Amino acid sequence: MTDRLRAVRGHLVLAAVGLACVFPIYWMYATSLRRPGDVFATSLLPWPLSLGSYREAARELDVVGLLANTAVVAVGVAVGQLLVALLAAYAFAAYRFRGEKLLYLAMIGTWLIPFQVTMLPNYVLLYQAGLLNTLAGVILPQLLSGVAVLLLRSHMRSIPGELLEAARMDGRGSWGTLWTVVVPVLRPALAALAILLFVTAWNEYFWPAMVLQRSGAVIQLGIRGFLGTEGVRWGPLMAASGLACLPVFALYLVLQRQVVSAFVRSGLR
Amino acid sequence: MSRIRLSGLRKTYGDTVAVDGIDLDVADGEFLVLLGPSGCGKSTLLRMVAGLIEPTDGRVLVDDADVTAVPPRDRDLAMVFQSYALYPHLTVASNLGFPLRVRGERRAVVREKVAAVAAELGLTELLRRRPKELSGGQRQRVALGRALVREPGAFLMDEPLSNLDAKLRTSTRAGLSALHRRLRATVLYVTHDQVEAMTMADRVALLDGGRLVQVGTPAEVYDAPATTFVAGFLGSPPMNLLDVDAVVGPHGVRARAVGLDLSLPDAGPGPVPDAGSSRALVLGVRPEHLVVRAPDAPDAVLRGRVSAVENLGSEELARCVLGADGGPEVTVRGPRPLGVVPGREVGLAVDPARVHLFDPDSGRRLERRPGAVSPAPSSPAVEPALDDRPLARSLP
């Protein structure tokens with residue numbers, strides 16, 4: 001009986017937490033679907049439905065263009081970070097070399113240094129390289145993610161050494177072993193990490209705002225346009241935000257199984 | 001099939017010596033077992049042969065070609081790992097075909113060879129499964145198949161049976177032996193399990209502390225252990241080793257200790273000495289060579305009290321404390337019932353021909369010859385030479 005009571009109580013807590021997480025997202029979509037005049041209504045269901053806010057957002061913003069730009073930046077950053085971290089973590093996990101510890105600490109250190117410390121030197125560098133106002137300028141300084149190196153290295157360390165030895169005996173070099181053995185074995189971890197990096201890059205606001213001085217090159221900057229001095233225009237703001245969230249949801253759906261299994265496994269270890 | 005020769009092979013990690021100057025010759029088609037306790041350097045030695053670990057010193061030769069600097073893939077050796085090391089993301093078929101695909105074999109050839117190996121090992125039904133869907137024994141066979149499919153010059157096996165349960169281990173052992181006979185393959189096999197060594201090996205190489213202690217057929221290493229380490233490692237229970245005072249005369253040895261008085265006569269006429277200046281020796285007798293007698297029997301050269309009796313089913317083990325309480329303990333092994341009761345006095349007889357003598361300082365075996373107990377000739381630097389020593393002993 002107490003077991004059951006405990007289970008019920010646990011589920012109630014989980015449900016409450018789940019609701020608290022989901023509600024703001026629901027409210028965003030609910031607000032975006034109200035008629036422009038009803039934006040401040042507090043009824044739980046947005047009725048009657050209207051796409052007016054979306055039309056307004058689309059009229060003022062090049063939503064598709066912004067989403068495409070954001071996608072280029074987010075994919076570029078996430079894939080770049082993943083690749084760099086994969087190679088770095090492989091080197092740290094599979095090889096012993098001079099200066100290994102120092103280099104590793106330096107990479108992890110980049111994670112501990114606040115963004116505010118590096119943004120100005122990076123900005124100056126981009127200016128000198130003539131990359132201000134370009135998407136490449138947004139992507140390049142972000143290619144190394146210390147936390148990704150840290151995570152991948154510990155995942156790689158958990159791969160049994162005999163598996164890598166077997167690949168060597170079977171005739172694979174280190175490059176071949178990485179792609180035919182290490183990457184497939186780490187697929188769940190890589191998928192989870194990819195989502196994490198993608199979402200972080202997708203939601204990035206400050207750095208793009210700095211590099212892309214003309215407003216409205218990525219969606220997060222475009223949304224800012226609805227926060228005017230004469231007040232916040234909630235309807236189109238919520239509509240644009242809702243659209244900005246969709247790619248992240250889509251990616252999660254595609255990779256969901258891998259991510260869940262990565263988290264489940266990391267719990268079991 | 002290939003012949004493997006190791007010459008002065010050595011591996012150190014900082015100040016720690018893992019493998020200490022090993023010379024060893026594995027003949028074409030030979031099944032050689034590297035046997036030793038954990039940490040004796042046998043896995044390190046195997047990995048140096050494979051090319052996975054670079055030796056600090058010494059050479060590895062395969063068919064007289066020096067491969068010390070050759071990467072593992074070009075040594076024409078296949079390895080079976082203790083954990084099997086199957087690729088978890090690949091099916092059985094892909095696992096088996098992996099080494100072939102890496103070497104750029106054509107698809108059709110890969111499929112054909114995989115099918116042949118799978119049929120041979122009874123894996124045909126499992127080709128589409130992944131490793132995690134297999135039992136331990138099936139995984140072991142896939143690991144073996146992945147080595148077989150390459151048709152390598154020699155097989156290196158690192159405790160391939162240690163993760164199987166006892167029953168499966170026995171049957172797999174027999175299967176491996178049969179496979180070896182059929183393929184006439186050269187096998188270098190690492191294990192800490194003396195039963196595997198005794199049953200499968202053409203020759204056994206015993207390692208202790210990174211050094212080769214003895215190389216010989218299973219019968220040789222069991223019947224004439226070169227050192228007290230080998231005597232104490234082989235056999236279950238191992239050889240009884242007793243510290244004795246020995247009087248060495250021209251016609252034999254008289255050994256005495258608490259509860260023990262033993263004459264070991266040599267060939268030729270003349271009495272075994274009764275008294276004289278004595279020296280310390282280590283005397284070894286296998287448990288199965290001790291025979292239970294009445295305490296007052298004239299041939300009961302060992303006397304003591306039974307402290308425990310263990311029933312092994314077909315046999316019994318009796319532990320006896322020699323002499324008064326606190327004396328050395330010996331183990332007797334024989335068909336059940338042994339006819340002894342814990343707490344009772346007992347006498348033990350032994351055929352002098354079954355008694356081994358060792359030097360207490362070096363632990364080396366002493367050959368009994370007419371007129372002397374002397375260390376067997378061997379150069380201390382080359383332990384494997386122990387193997388070449390004449391094992392015959394002069395006995396009445």
# chains A, B, ... in the order shown; residues from 1 in each chain; ligands from 1
$ closest_atom_pairs --of "chain B" --to "chain A" --cutoff "6 Å" --atoms "only C-alpha atoms" --output "JSON lines"
{"residue": "B:Pro72", "atom": "CA", "partner": "A:Met169", "partner_atom": "CA", "distance": 5.4}
{"residue": "B:Arg73", "atom": "CA", "partner": "A:Gly171", "partner_atom": "CA", "distance": 4.4}
{"residue": "B:Ala85", "atom": "CA", "partner": "A:Leu163", "partner_atom": "CA", "distance": 4.6}
{"residue": "B:Pro99", "atom": "CA", "partner": "A:Asp170", "partner_atom": "CA", "distance": 4.6}
$ write_last_selection --atoms "all heavy atoms" --output "PDB file, in the first residue's frame"
ATOM      1  N   PRO B  72      50.296  -4.169 -36.536  1.00  0.00           N
ATOM      2  CA  PRO B  72      49.555  -5.420 -36.320  1.00  0.00           C
ATOM      3  C   PRO B  72      48.907  -5.976 -37.598  1.00  0.00           C
ATOM      4  O   PRO B  72      48.907  -7.190 -37.815  1.00  0.00           O
ATOM      5  CB  PRO B  72      48.477  -5.033 -35.309  1.00  0.00           C
ATOM      6  CG  PRO B  72      48.955  -3.809 -34.654  1.00  0.00           C
ATOM      7  CD  PRO B  72      49.914  -3.130 -35.573  1.00  0.00           C
ATOM      8  N   ARG B  73      48.378  -5.100 -38.426  1.00  0.00           N
ATOM      9  CA  ARG B  73      47.596  -5.574 -39.567  1.00  0.00           C
ATOM     10  C   ARG B  73      48.451  -6.323 -40.581  1.00  0.00           C
ATOM     11  O   ARG B  73      47.964  -7.127 -41.349  1.00  0.00           O
ATOM     12  CB  ARG B  73      46.865  -4.418 -40.260  1.00  0.00           C
ATOM     13  CG  ARG B  73      47.789  -3.375 -40.841  1.00  0.00           C
ATOM     14  CD  ARG B  73      47.031  -2.391 -41.690  1.00  0.00           C
ATOM     15  NE  ARG B  73      46.490  -3.022 -42.881  1.00  0.00           N
ATOM     16  CZ  ARG B  73      45.619  -2.466 -43.701  1.00  0.00           C
ATOM     17  NH1 ARG B  73      45.167  -1.273 -43.427  1.00  0.00           N
ATOM     18  NH2 ARG B  73      45.209  -3.088 -44.771  1.00  0.00           N
ATOM     19  N   ALA B  85      35.514  -8.738 -27.668  1.00  0.00           N
ATOM     20  CA  ALA B  85      35.677  -7.499 -28.440  1.00  0.00           C
ATOM     21  C   ALA B  85      34.919  -7.541 -29.759  1.00  0.00           C
ATOM     22  O   ALA B  85      35.434  -7.173 -30.806  1.00  0.00           O
ATOM     23  CB  ALA B  85      37.165  -7.215 -28.688  1.00  0.00           C
ATOM     24  N   PRO B  99      37.217  -8.070 -40.834  1.00  0.00           N
ATOM     25  CA  PRO B  99      38.636  -8.050 -41.241  1.00  0.00           C
ATOM     26  C   PRO B  99      38.822  -8.234 -42.747  1.00  0.00           C
ATOM     27  O   PRO B  99      39.793  -7.714 -43.313  1.00  0.00           O
ATOM     28  CB  PRO B  99      39.263  -9.215 -40.462  1.00  0.00           C
ATOM     29  CG  PRO B  99      38.149  -9.982 -39.891  1.00  0.00           C
ATOM     30  CD  PRO B  99      36.938  -9.121 -39.854  1.00  0.00           C
TER      31      PRO B  99
END
$ select_by_dssp --residues "stretch 77-290 of chain B" --states "helix (DSSP H, G or I)" --output "ChimeraX atom specification"
/B:92-102,107-121,124-126,131-133,136-148,166-183,194-200,218-223,228-233,287-289
$ closest_residue --among "B:Val195, B:Val117, B:Leu281, B:Ala154" --to "B:Val248" --atoms "only C-alpha atoms"
B:Leu281
$ closest_residue --among "B:Pro335, B:Leu302, B:Asp223, B:Arg182" --to "B:Arg365" --atoms "only C-alpha atoms"
B:Asp223
$ residues_around --residues "A:Phe226" --least-positions-apart "5" --cutoff "12 Å" --atoms "only C-alpha atoms" --output "CSV table (one decimal) with C-alpha atoms, in the first residue's frame"
chain,number,residue,atom,x,y,z
A,53,SER,CA,-0.5,37.2,-35.6
A,56,GLU,CA,1.6,40.1,-39.1
A,57,ALA,CA,4.9,38.5,-38.2
A,60,GLU,CA,7.3,42.4,-41.1
A,61,LEU,CA,9.9,39.7,-41.0
A,215,SER,CA,19.3,43.5,-37.1
A,216,GLY,CA,17.3,40.6,-38.4
A,219,ILE,CA,15.5,34.6,-36.1
A,220,GLN,CA,16.4,35.5,-32.5
A,221,LEU,CA,17.4,39.0,-33.6
A,231,GLY,CA,5.3,48.6,-26.2
A,232,VAL,CA,5.6,44.9,-26.8
A,233,ARG,CA,3.6,43.4,-29.7
A,234,TRP,CA,2.8,40.1,-28.1
A,235,GLY,CA,0.9,38.5,-30.9
A,236,PRO,CA,3.5,38.5,-33.7
A,237,LEU,CA,6.3,38.1,-31.0
A,238,MET,CA,4.7,34.8,-29.9
A,239,ALA,CA,4.0,33.7,-33.5
A,240,ALA,CA,7.7,34.3,-34.5
A,241,SER,CA,8.9,32.6,-31.3
